[in-house]
Amino acid sequence: MNRREFVQSSSVWAAVALTSGPLGAATSPGRKIKIALTPGSIGVVVKSQQELNELAHRHRFEAVEPRAEEIAAMSPEQITAMIADLKAKGLTWAAAGLTVDFRKDDATFRDGMGKLPRIAAGLKAAGASRFGTWLAPSHGELTYRANYRVHVARLTEIARVLKDHGLRFGLEYVGTQLSMVGKKYPFVHTMAETRELIADLGTGNVGLVLDTWHWWTAGDTIADVQALTNADVVSVDLNDAPRDLAKAQQKDNERELPVATGVIDTAGFLQALVTIGYDGPARPEPFNKILNALDNDAACAASSAALHRAMALIRG
């Protein structure tokens with residue numbers, strides 16, 4: 001799909017109009033939430049942290065995903081230069097994606113765990129403080145209780161390593177109803193269940209990755225968000241849902257950029273985050289095919305504009 005077709009066919013293009021003029025007015029000087037660029041969530045492909053930082057700066061993002069393995073391989077001098085580059089561009093770190101695959105066999109998990117201390121040390125040296133991952137909402141072989149035991153054991157091990165390096169660990173539940181029944185045995189798919197899992201880990205450095213899409217599809221409420229504290233939330237994803245489709249029929253990989261349709265109450269969600277004093281990153285994660293088909297600059301422009309538009313909904 002070329003740029004002209006995108007302009008004509010996609011609701012996400014409306015957000016790009018905000019990149020001139022109103023964009024500056026949309027940024028509240030007292031806002032603690034930082035709009036974040038995580039390239040994989042919007043179809044952007046980069047070759048280096050430097051390239052990613054430049055994209056983030058060019059398109060008025062305020063935080064950027066740390067490329068964990070690249071940073072872990074840097075020399076102390078390179079890390080110092082990277083920190084200086086972030087500061088010069090007015091950027092902070094968003095959450096890094098977890099590099100350990102805990103959903104597969106034990107050999108795969110052990111391989112990831114063997115590398116995790118080095119990666120965690122690299123992120124700590126670079127000043128990053130947040131890791132995030134997601135929880136599969138169903139399993140083909142393990143019952144809920146069996147799967148829960150595996151998650152507690154593996155996630156506790158991961159969380160302890162991250163805690164040793166001063167890092168917070170966020171877990172994202174998947175509330176999409178079609179995903180919950182995608183395999184034989186449903187699993188954790190709501191905020192309450194995820195909080196129970198976090199409590200059973202008991203490491204003190206684990207919280208939520210809150211996604212408006214999963215918050216909405218799971219049937220969670222603004223009151224559920226207001227019951228949290230800033231320490232309970234590690235990272236935030238902002239998305240919207242297609243119109244004219246029942247919640248139970250929404251597909252996880254067919255979302256919209258935040259406030260593109262108004263189906264999800266983004267304003268209420270964000271206001272609740274402000275109420276609890278949330279001061280971390282917020283990124284879009286629409287898995288939108290039209291957005292993914294754009295080149296890097298166009299995808300970043302649309303995403304940044306949508307995030308700024310969402311932040312403009314915050315009162316006070």
# chains A, B, ... in the order shown; residues from 1 in each chain; ligands from 1
>>> residues_around(residues="range 51-55 of chain A", least_positions_apart="3", cutoff="10 Å", atoms="only C-alpha atoms", output="number ranges by chain")
A: 37-39, 44-48, 58-61, 63-67, 82, 85-86, 89, 91-92, 296-297, 300-301
>>> select_by_dssp(residues="range 76-187 of chain A", states="strand (DSSP E)", output="list in words")
Thr92, Trp93, Ala96, Gly97, Arg130, Phe131, Gly132, Thr133, Trp134, Ser138, His139, Arg168, Phe169, Gly170, Leu171, Glu172, Tyr185 and Pro186 of chain A
>>> write_last_selection(atoms="N, CA and C atoms", output="PDB file, in the first residue's frame")
ATOM      1  N   THR A  92      14.083   9.913  27.414  1.00  0.00           N
ATOM      2  CA  THR A  92      14.325   8.987  28.511  1.00  0.00           C
ATOM      3  C   THR A  92      14.089   7.572  27.981  1.00  0.00           C
ATOM      4  N   TRP A  93      14.430   6.589  28.786  1.00  0.00           N
ATOM      5  CA  TRP A  93      14.218   5.207  28.374  1.00  0.00           C
ATOM      6  C   TRP A  93      12.780   4.771  28.624  1.00  0.00           C
ATOM      7  N   ALA A  96      12.211  -1.974  28.099  1.00  0.00           N
ATOM      8  CA  ALA A  96      12.823  -2.928  27.182  1.00  0.00           C
ATOM      9  C   ALA A  96      11.961  -4.190  27.115  1.00  0.00           C
ATOM     10  N   GLY A  97      12.011  -4.865  25.984  1.00  0.00           N
ATOM     11  CA  GLY A  97      11.310  -6.132  25.860  1.00  0.00           C
ATOM     12  C   GLY A  97      12.115  -7.257  26.483  1.00  0.00           C
ATOM     13  N   ARG A 130      13.253  -0.436  33.262  1.00  0.00           N
ATOM     14  CA  ARG A 130      11.998  -1.152  33.075  1.00  0.00           C
ATOM     15  C   ARG A 130      12.130  -2.241  32.008  1.00  0.00           C
ATOM     16  N   PHE A 131      11.600  -3.414  32.330  1.00  0.00           N
ATOM     17  CA  PHE A 131      11.461  -4.533  31.400  1.00  0.00           C
ATOM     18  C   PHE A 131       9.977  -4.873  31.307  1.00  0.00           C
ATOM     19  N   GLY A 132       9.538  -5.369  30.160  1.00  0.00           N
ATOM     20  CA  GLY A 132       8.152  -5.784  30.043  1.00  0.00           C
ATOM     21  C   GLY A 132       7.995  -7.018  29.184  1.00  0.00           C
ATOM     22  N   THR A 133       6.928  -7.778  29.444  1.00  0.00           N
ATOM     23  CA  THR A 133       6.602  -8.932  28.618  1.00  0.00           C
ATOM     24  C   THR A 133       5.104  -9.177  28.707  1.00  0.00           C
ATOM     25  N   TRP A 134       4.605 -10.176  27.972  1.00  0.00           N
ATOM     26  CA  TRP A 134       3.173 -10.460  27.944  1.00  0.00           C
ATOM     27  C   TRP A 134       2.915 -11.907  28.344  1.00  0.00           C
ATOM     28  N   SER A 138      -3.921 -18.445  26.853  1.00  0.00           N
ATOM     29  CA  SER A 138      -4.411 -19.821  26.757  1.00  0.00           C
ATOM     30  C   SER A 138      -3.239 -20.745  26.450  1.00  0.00           C
ATOM     31  N   HIS A 139      -3.448 -22.036  26.684  1.00  0.00           N
ATOM     32  CA  HIS A 139      -2.378 -23.014  26.462  1.00  0.00           C
ATOM     33  C   HIS A 139      -2.993 -24.289  25.899  1.00  0.00           C
ATOM     34  N   ARG A 168      12.754  -2.961  37.150  1.00  0.00           N
ATOM     35  CA  ARG A 168      11.357  -3.317  37.350  1.00  0.00           C
ATOM     36  C   ARG A 168      10.899  -4.220  36.202  1.00  0.00           C
ATOM     37  N   PHE A 169       9.910  -5.049  36.478  1.00  0.00           N
ATOM     38  CA  PHE A 169       9.464  -6.065  35.526  1.00  0.00           C
ATOM     39  C   PHE A 169       7.945  -5.968  35.379  1.00  0.00           C
ATOM     40  N   GLY A 170       7.478  -5.688  34.168  1.00  0.00           N
ATOM     41  CA  GLY A 170       6.058  -5.540  33.919  1.00  0.00           C
ATOM     42  C   GLY A 170       5.465  -6.726  33.184  1.00  0.00           C
ATOM     43  N   LEU A 171       4.263  -7.148  33.608  1.00  0.00           N
ATOM     44  CA  LEU A 171       3.543  -8.249  32.972  1.00  0.00           C
ATOM     45  C   LEU A 171       2.258  -7.719  32.338  1.00  0.00           C
ATOM     46  N   GLU A 172       2.067  -8.040  31.068  1.00  0.00           N
ATOM     47  CA  GLU A 172       0.886  -7.602  30.330  1.00  0.00           C
ATOM     48  C   GLU A 172      -0.071  -8.771  30.134  1.00  0.00           C
ATOM     49  N   TYR A 185      -6.914 -24.577  26.950  1.00  0.00           N
ATOM     50  CA  TYR A 185      -7.063 -24.162  28.343  1.00  0.00           C
ATOM     51  C   TYR A 185      -6.855 -22.657  28.495  1.00  0.00           C
ATOM     52  N   PRO A 186      -7.903 -21.896  28.861  1.00  0.00           N
ATOM     53  CA  PRO A 186      -7.736 -20.459  29.118  1.00  0.00           C
ATOM     54  C   PRO A 186      -6.792 -20.225  30.286  1.00  0.00           C
TER      55      PRO A 186
END
>>> closest_residue(among="A:Arg154, A:Lys251, A:Lys124, A:His165", to="Phe109 in chain A", atoms="only C-alpha atoms")
A:Arg154
>>> closest_residue(among="A:Pro281, A:Pro117, A:Gly43, A:Gly90", to="Leu307 in chain A", atoms="only C-alpha atoms")
A:Pro281
>>> closest_residue(among="A:Val161, A:Leu257, A:Val174, A:Ala81", to="Asn292 in chain A", atoms="only C-alpha atoms")
A:Leu257
>>> closest_residue(among="A:Val225, A:Ile33, A:Ile79, A:Ile158", to="Thr99 in chain A", atoms="only C-alpha atoms")
A:Ile158
>>> select_by_dssp(residues="range 3-232 of chain A", states="alpha helix (DSSP H)", output="MDAnalysis selection string")
chainID A and resid 3:9 13:16 22:25 49:58 68:72 76:88 106:126 144:164 177:180 191:201 212:217 222:226
>>> residues_around(residues="Ala218 in chain A", least_positions_apart="6", cutoff="7 Å", atoms="only C-alpha atoms", output="PDB file with C-alpha atoms, in the first residue's frame")
ATOM      1  CA  GLY A 175      -7.778  -9.752  27.447  1.00  0.00           C
ATOM      2  CA  THR A 176      -8.783 -10.381  23.833  1.00  0.00           C
ATOM      3  CA  HIS A 189      -6.438 -12.647  31.039  1.00  0.00           C
ATOM      4  CA  THR A 190      -7.609  -9.923  33.469  1.00  0.00           C
TER       5      THR A 190
END
>>> closest_residue(among="A:Ala125, A:Ala107, A:Leu98, A:Ile42", to="Glu77 in chain A", atoms="only C-alpha atoms")
A:Ala125
>>> decode(residues="range 52-89 of chain A", atoms="N, CA and C atoms", output="mmCIF file, in the first residue's frame")
data_model
loop_
_atom_site.group_PDB
_atom_site.id
_atom_site.type_symbol
_atom_site.label_atom_id
_atom_site.label_comp_id
_atom_site.auth_asym_id
_atom_site.auth_seq_id
_atom_site.Cartn_x
_atom_site.Cartn_y
_atom_site.Cartn_z
ATOM 1 N N LEU A 52 17.327 4.591 16.157
ATOM 2 C CA LEU A 52 16.054 4.659 16.857
ATOM 3 C C LEU A 52 15.933 5.963 17.638
ATOM 4 N N ASN A 53 17.003 6.363 18.301
ATOM 5 C CA ASN A 53 16.989 7.628 19.038
ATOM 6 C C ASN A 53 16.717 8.810 18.117
ATOM 7 N N GLU A 54 17.324 8.783 16.944
ATOM 8 C CA GLU A 54 17.127 9.874 15.990
ATOM 9 C C GLU A 54 15.687 9.933 15.495
ATOM 10 N N LEU A 55 15.086 8.784 15.239
ATOM 11 C CA LEU A 55 13.674 8.744 14.846
ATOM 12 C C LEU A 55 12.794 9.303 15.960
ATOM 13 N N ALA A 56 13.065 8.887 17.180
ATOM 14 C CA ALA A 56 12.267 9.349 18.310
ATOM 15 C C ALA A 56 12.357 10.865 18.460
ATOM 16 N N HIS A 57 13.545 11.392 18.353
ATOM 17 C CA HIS A 57 13.743 12.829 18.492
ATOM 18 C C HIS A 57 13.075 13.587 17.347
ATOM 19 N N ARG A 58 13.219 13.088 16.144
ATOM 20 C CA ARG A 58 12.667 13.763 14.963
ATOM 21 C C ARG A 58 11.142 13.843 15.023
ATOM 22 N N HIS A 59 10.524 12.853 15.644
ATOM 23 C CA HIS A 59 9.061 12.809 15.653
ATOM 24 C C HIS A 59 8.458 13.102 17.023
ATOM 25 N N ARG A 60 9.221 13.781 17.858
ATOM 26 C CA ARG A 60 8.728 14.344 19.107
ATOM 27 C C ARG A 60 8.234 13.300 20.097
ATOM 28 N N PHE A 61 8.874 12.146 20.095
ATOM 29 C CA PHE A 61 8.675 11.210 21.193
ATOM 30 C C PHE A 61 9.497 11.699 22.384
ATOM 31 N N GLU A 62 9.143 11.202 23.550
ATOM 32 C CA GLU A 62 9.806 11.622 24.776
ATOM 33 C C GLU A 62 10.565 10.491 25.455
ATOM 34 N N ALA A 63 10.308 9.275 25.013
ATOM 35 C CA ALA A 63 10.995 8.094 25.532
ATOM 36 C C ALA A 63 11.220 7.132 24.383
ATOM 37 N N VAL A 64 12.189 6.247 24.547
ATOM 38 C CA VAL A 64 12.544 5.337 23.457
ATOM 39 C C VAL A 64 12.921 3.977 24.043
ATOM 40 N N GLU A 65 12.539 2.932 23.346
ATOM 41 C CA GLU A 65 12.853 1.582 23.818
ATOM 42 C C GLU A 65 14.356 1.336 23.799
ATOM 43 N N PRO A 66 14.925 0.818 24.887
ATOM 44 C CA PRO A 66 16.333 0.413 24.851
ATOM 45 C C PRO A 66 16.471 -0.940 24.159
ATOM 46 N N ARG A 67 17.360 -1.007 23.182
ATOM 47 C CA ARG A 67 17.622 -2.271 22.490
ATOM 48 C C ARG A 67 18.572 -3.077 23.389
ATOM 49 N N ALA A 68 17.983 -3.976 24.153
ATOM 50 C CA ALA A 68 18.684 -4.568 25.291
ATOM 51 C C ALA A 68 19.972 -5.288 24.906
ATOM 52 N N GLU A 69 19.926 -6.140 23.917
ATOM 53 C CA GLU A 69 21.115 -6.921 23.563
ATOM 54 C C GLU A 69 22.198 -6.037 22.966
ATOM 55 N N GLU A 70 21.813 -5.041 22.184
ATOM 56 C CA GLU A 70 22.796 -4.111 21.630
ATOM 57 C C GLU A 70 23.487 -3.334 22.740
ATOM 58 N N ILE A 71 22.720 -2.851 23.694
ATOM 59 C CA ILE A 71 23.291 -2.078 24.791
ATOM 60 C C ILE A 71 24.205 -2.946 25.654
ATOM 61 N N ALA A 72 23.816 -4.202 25.868
ATOM 62 C CA ALA A 72 24.642 -5.096 26.685
ATOM 63 C C ALA A 72 26.001 -5.357 26.056
ATOM 64 N N ALA A 73 26.092 -5.206 24.739
ATOM 65 C CA ALA A 73 27.350 -5.441 24.035
ATOM 66 C C ALA A 73 28.218 -4.180 23.935
ATOM 67 N N MET A 74 27.733 -3.055 24.436
ATOM 68 C CA MET A 74 28.476 -1.800 24.343
ATOM 69 C C MET A 74 29.579 -1.722 25.382
ATOM 70 N N SER A 75 30.621 -1.000 25.045
ATOM 71 C CA SER A 75 31.687 -0.705 25.995
ATOM 72 C C SER A 75 31.205 0.405 26.934
ATOM 73 N N PRO A 76 31.877 0.581 28.071
ATOM 74 C CA PRO A 76 31.502 1.682 28.966
ATOM 75 C C PRO A 76 31.524 3.044 28.267
ATOM 76 N N GLU A 77 32.482 3.229 27.376
ATOM 77 C CA GLU A 77 32.569 4.499 26.647
ATOM 78 C C GLU A 77 31.367 4.691 25.718
ATOM 79 N N GLN A 78 30.945 3.613 25.068
ATOM 80 C CA GLN A 78 29.785 3.692 24.185
ATOM 81 C C GLN A 78 28.507 3.966 24.971
ATOM 82 N N ILE A 79 28.391 3.367 26.142
ATOM 83 C CA ILE A 79 27.215 3.611 26.971
ATOM 84 C C ILE A 79 27.186 5.059 27.445
ATOM 85 N N THR A 80 28.346 5.584 27.832
ATOM 86 C CA THR A 80 28.404 6.993 28.232
ATOM 87 C C THR A 80 27.965 7.902 27.103
ATOM 88 N N ALA A 81 28.424 7.609 25.899
ATOM 89 C CA ALA A 81 28.036 8.399 24.730
ATOM 90 C C ALA A 81 26.543 8.276 24.458
ATOM 91 N N MET A 82 25.995 7.077 24.650
ATOM 92 C CA MET A 82 24.572 6.866 24.419
ATOM 93 C C MET A 82 23.730 7.657 25.409
ATOM 94 N N ILE A 83 24.136 7.662 26.665
ATOM 95 C CA ILE A 83 23.419 8.429 27.677
ATOM 96 C C ILE A 83 23.451 9.921 27.347
ATOM 97 N N ALA A 84 24.598 10.395 26.901
ATOM 98 C CA ALA A 84 24.727 11.806 26.520
ATOM 99 C C ALA A 84 23.830 12.130 25.330
ATOM 100 N N ASP A 85 23.720 11.192 24.396
ATOM 101 C CA ASP A 85 22.871 11.395 23.220
ATOM 102 C C ASP A 85 21.405 11.487 23.623
ATOM 103 N N LEU A 86 20.986 10.613 24.534
ATOM 104 C CA LEU A 86 19.608 10.666 25.024
ATOM 105 C C LEU A 86 19.315 12.016 25.663
ATOM 106 N N LYS A 87 20.228 12.461 26.514
ATOM 107 C CA LYS A 87 20.037 13.727 27.217
ATOM 108 C C LYS A 87 19.965 14.883 26.230
ATOM 109 N N ALA A 88 20.833 14.877 25.228
ATOM 110 C CA ALA A 88 20.839 15.954 24.232
ATOM 111 C C ALA A 88 19.546 15.991 23.435
ATOM 112 N N LYS A 89 18.925 14.848 23.249
ATOM 113 C CA LYS A 89 17.687 14.756 22.469
ATOM 114 C C LYS A 89 16.444 14.882 23.352
#
